[in-house]
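K.L.:
One structure, pasted below without further comment.
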Amino acid sequence: MKIAVLGTGYVGLSTGVCLSEIGHHVICIDINEEKIQLLNQGRSPIYEPGLEELLVSNMSAGKLNFTTSHQKALAEAEIIIIAVGTPQGEDGAADLSYLEQAAKDISKYMKESTIVVIKSTVPVGTNDYIKKIIETHCGYRVKMVSNPEFLRQGSAIQDTMFADRIVIGSEDKAAAEKMKEMYRPLNVPVLLTSTKSAEMIKYASNAFLATKISYINEIANLCEAVGADVEDVAKGMGKDKRIGEAFLNAGIGYGGSCFPKDVKALLHTAGQNGVNFAMLKETIRVNDVQRELLVTKALKRFGSLQGKRIALLGLAFKPETDDMREAPSITLTSALTGLGAEVFAYDPVAIENARKIIGDRVKYTTSIDEAVSGADAIFIVTEWKDVKQVDLEVLAAKMKQLIIFDGRNCFDENKIKACSNIEYYPVGKPPIIIQ
Ligand code: UGA
């Protein structure tokens, strides 16, 4: 099939690359010329494992192209997939301005037979709203499909190629069948629903996962108070198939470009419709408090953080991505520097993006060794592989004293207990102090 993808962010680019990989002819459009130039050289503007390799091989096979010209991309497209951003607006609602612009742009060049698919995360009713905009501009009935995305950054290719499900929401049966056909090579279960249900499935899923994280974080706080171990508790809970093991990792809260904004957008939709979704308010509140957890613990340990040198390991909101949106590291660096601490931050890929948000309040380092040299304590913020595999005795030799506040429970007990001198404060587990 001939497919056009609008928007080359994480979702659009991963989708376009994967659709070309399963045999379709894909052309990706973006208004950002720099991005398109880079992509045309076979380089990915984002860090996403495995993406660049697939990008290059499908470009060489002639199945994947990039352009800034809507006219060129839409002239022959049978399906247009819109994957532009829907950032959080000032009132918590999703900002639909990129989507509205995309609707106007495509209405100029699409064919009457073309199916328009919204993959961007959009509030219930948005597909109908965008359909009206396109129809007003093009003058004929448009075939609309809602096809929400469930891929995670850092494992976008894997999540697309081996998805748990594909949701296709449409009032147009033929359009829904054609979408099913487009995805057939993936061999993934497909759920056909109404447009509104598909839109709701996306928000309900993300809000549920965010709530699952806040729930386990509250259990972790309780475990600390009573002396239980949240990892064992999560394991025991997760063995129950009704609960499931995934997304029960306690830590310093969820971040990223999706959960924080989607939970707020769903809450906004609930409010607009007179539904008091109080549970979601708690999900957000628990997450806000959790982000400060390491600072709270360090204050308890040191009394004051004035003049303390803190090595902050990991800046990205999760491993395997350079994305800094809503990363807990932003809250932590701001709290630490506000309390007079000196922060030496390390991240294998996110420093460039971090600098744009955090600025020069912290010193950026190029290795874990450099970050921890002379430090009073380590904050583990992102569970990168090189952080998890670090040799603790080597760190100890570089620090005044090996004190670790681990926000991601990166080490097993045996590794900690093998140290000759350590203070280790994990989340939801008793601290280990060896002197
Ligand atoms: C999330 C969803 O998982 C995807 O299904 C969805 O498609 C995507 O949002 C989206 O809407 O586009 P993503 O934000 O990339 O994906 O990353 P996740 O792996 O879900 O992690 C989100 C946050 O939750 C991270 O900060 C992570 O550290 C945190 N988390 C995750 C925990 O604290 N504990 C866990 O057990 C799992």
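By order of appearance in the structure tokens: chains A, B, ..., then residues from 1 within every chain, and ligands from 1 in the order shown.
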Write out as number ranges by chain the residues lying within 6 Å of segment 306-313 of chain A, counting only C-alpha atoms and excluding same-chain residues fewer than 6 positions away.
P.N.:
A: 339-346, 371-372, 375-381
K.L.:
So that I can check the surroundings of segment 287-291 of chain A, please list as a list of chain:residue names every protein, DNA and RNA residue that reaches within 8 Å of it, counting only C-alpha atoms and ignoring chain neighbours fewer than 3 positions away.
P.N.:
A:Ser214, A:Asn217, A:Gly251, A:Ile252, A:Gly253, A:Tyr254, A:Thr283, A:Ile284, A:Leu294, A:Pro328, A:Thr331, A:Leu332
K.L.:
Residues of segment 79-220 of chain A classed as strand (DSSP E or B) by DSSP on the backbone are to be reported as number ranges by chain.
P.N.:
A: 79-82, 88, 94, 115-118, 143-146, 166-169, 190-193
K.L.:
If you count only C-alpha atoms and all ligand atoms, which residues end up within 9 Å of ligand 1, as an NGL selection string?
P.N.:
:A and (10-11 or 120-121 or 148-156 or 159 or 202-203 or 205-206 or 209-210 or 212-214 or 216-217 or 245-260 or 262 or 316-319 or 321 or 326-328 or 382-383 or 408)
K.L.:
Segment 208-435 of chain A: which residues are alpha helix (DSSP H) by DSSP, as a PyMOL selection string?
P.N.:
chain A and resi 208-226+230-238+259-272+278-291+293-302+328-338+351-358+368-372+385-388+392-398+413-417
K.L.:
Write to file, as a short mmCIF file (atom, residue, chain, number, x, y, z; two decimals), in the first residue's frame, the residues of the selection just made, with C-alpha atoms.
P.N.:
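Dumped everything to part12.cif:
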data_model
loop_
_atom_site.label_atom_id
_atom_site.label_comp_id
_atom_site.auth_asym_id
_atom_site.auth_seq_id
_atom_site.Cartn_x
_atom_site.Cartn_y
_atom_site.Cartn_z
CA PHE A 208 -4.37 3.01 34.21
CA LEU A 209 -0.63 2.32 33.83
CA ALA A 210 0.22 5.66 35.48
CA THR A 211 -2.16 4.79 38.33
CA LYS A 212 -0.56 1.34 38.65
CA ILE A 213 2.81 3.10 39.09
CA SER A 214 1.47 5.56 41.68
CA TYR A 215 -0.17 2.65 43.50
CA ILE A 216 3.05 0.64 43.75
CA ASN A 217 4.91 3.79 44.81
CA GLU A 218 2.48 4.29 47.69
CA ILE A 219 2.91 0.61 48.60
CA ALA A 220 6.68 1.23 48.49
CA ASN A 221 6.36 4.13 50.92
CA LEU A 222 4.32 1.94 53.22
CA CYS A 223 6.87 -0.89 52.86
CA GLU A 224 9.59 1.51 54.02
CA ALA A 225 7.50 2.47 57.04
CA VAL A 226 6.78 -1.12 58.10
CA VAL A 230 8.35 -3.69 47.73
CA GLU A 231 10.11 -5.85 45.14
CA ASP A 232 8.98 -9.03 46.85
CA VAL A 233 5.53 -7.53 47.33
CA ALA A 234 5.30 -6.60 43.62
CA LYS A 235 6.51 -10.06 42.62
CA GLY A 236 3.89 -11.67 44.84
CA MET A 237 1.15 -9.42 43.50
CA GLY A 238 2.23 -9.79 39.87
CA PHE A 259 1.69 9.66 31.06
CA PRO A 260 1.86 13.10 32.72
CA LYS A 261 -0.01 14.88 29.93
CA ASP A 262 -2.46 12.07 29.17
CA VAL A 263 -3.55 11.65 32.80
CA LYS A 264 -4.18 15.40 32.99
CA ALA A 265 -6.04 15.42 29.66
CA LEU A 266 -8.31 12.56 30.78
CA LEU A 267 -8.99 14.37 34.03
CA HIS A 268 -9.88 17.45 32.00
CA THR A 269 -12.29 15.44 29.81
CA ALA A 270 -13.87 13.97 32.95
CA GLY A 271 -14.34 17.45 34.43
CA GLN A 272 -15.85 18.77 31.20
CA ALA A 278 -10.85 11.82 41.97
CA MET A 279 -8.60 8.77 41.65
CA LEU A 280 -6.67 10.39 38.80
CA LYS A 281 -6.05 13.47 40.95
CA GLU A 282 -4.40 11.18 43.51
CA THR A 283 -2.36 9.46 40.79
CA ILE A 284 -0.90 12.87 39.92
CA ARG A 285 -0.41 13.99 43.53
CA VAL A 286 1.39 10.77 44.51
CA ASN A 287 3.64 11.12 41.46
CA ASP A 288 4.51 14.74 42.30
CA VAL A 289 5.52 13.79 45.85
CA GLN A 290 7.44 10.72 44.67
CA ARG A 291 9.67 12.79 42.40
CA LEU A 293 11.72 11.28 47.34
CA LEU A 294 15.51 11.18 46.96
CA VAL A 295 15.88 14.77 48.15
CA THR A 296 13.66 14.07 51.16
CA LYS A 297 15.81 11.04 52.04
CA ALA A 298 19.08 12.93 51.54
CA LEU A 299 17.86 15.77 53.75
CA LYS A 300 17.00 13.27 56.46
CA ARG A 301 20.48 11.71 56.15
CA PHE A 302 22.57 14.91 55.93
CA PRO A 328 12.11 13.39 37.31
CA SER A 329 15.70 14.68 36.95
CA ILE A 330 14.29 18.16 36.25
CA THR A 331 12.47 18.30 39.61
CA LEU A 332 15.44 16.76 41.42
CA THR A 333 18.12 19.08 40.01
CA SER A 334 15.97 22.08 40.73
CA ALA A 335 15.32 20.96 44.34
CA LEU A 336 18.99 20.07 44.92
CA THR A 337 20.42 23.32 43.58
CA GLY A 338 17.70 25.24 45.44
CA ILE A 351 22.84 15.67 28.07
CA GLU A 352 22.24 17.79 24.97
CA ASN A 353 18.47 17.79 25.58
CA ALA A 354 18.93 18.19 29.34
CA ARG A 355 21.01 21.32 28.86
CA LYS A 356 18.09 22.97 27.03
CA ILE A 357 15.76 22.39 30.00
CA ILE A 358 17.97 22.34 33.10
CA ILE A 368 30.03 7.95 35.77
CA ASP A 369 33.58 8.14 37.18
CA GLU A 370 33.76 11.87 36.53
CA ALA A 371 30.32 12.49 38.07
CA VAL A 372 31.09 10.64 41.31
CA LYS A 385 22.60 -0.35 31.79
CA ASP A 386 26.01 1.20 32.56
CA VAL A 387 24.66 2.54 35.86
CA LYS A 388 23.27 -0.88 36.80
CA LEU A 392 30.64 -0.12 43.44
CA GLU A 393 34.15 -0.56 44.88
CA VAL A 394 35.53 1.62 42.06
CA LEU A 395 32.96 4.31 42.92
CA ALA A 396 33.77 4.02 46.62
CA ALA A 397 37.45 4.75 45.90
CA LYS A 398 36.50 8.03 44.20
CA GLU A 413 21.13 -7.04 47.74
CA ASN A 414 24.18 -9.30 47.22
CA LYS A 415 26.00 -6.65 45.21
CA ILE A 416 25.43 -4.11 47.98
CA LYS A 417 26.32 -6.55 50.77
#
K.L.:
In terms of the shortest atom-to-atom distance over only C-alpha atoms, which of A:Val56, A:Cys28, A:Gly407, A:Leu191 is closest to Gln41 of chain A?
P.N.:
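Checking each candidate against Gln41 of chain A, we get A:Val56 as the closest.
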K.L.:
Can you tell me, as an MDAnalysis selection string, what residues are no more than 7 Å from segment 418-425 of chain A when counting only C-alpha atoms, ignoring any on the same chain fewer than 2 positions away?
P.N.:
chainID A and resid 393 402:406 414:416 427 431:435
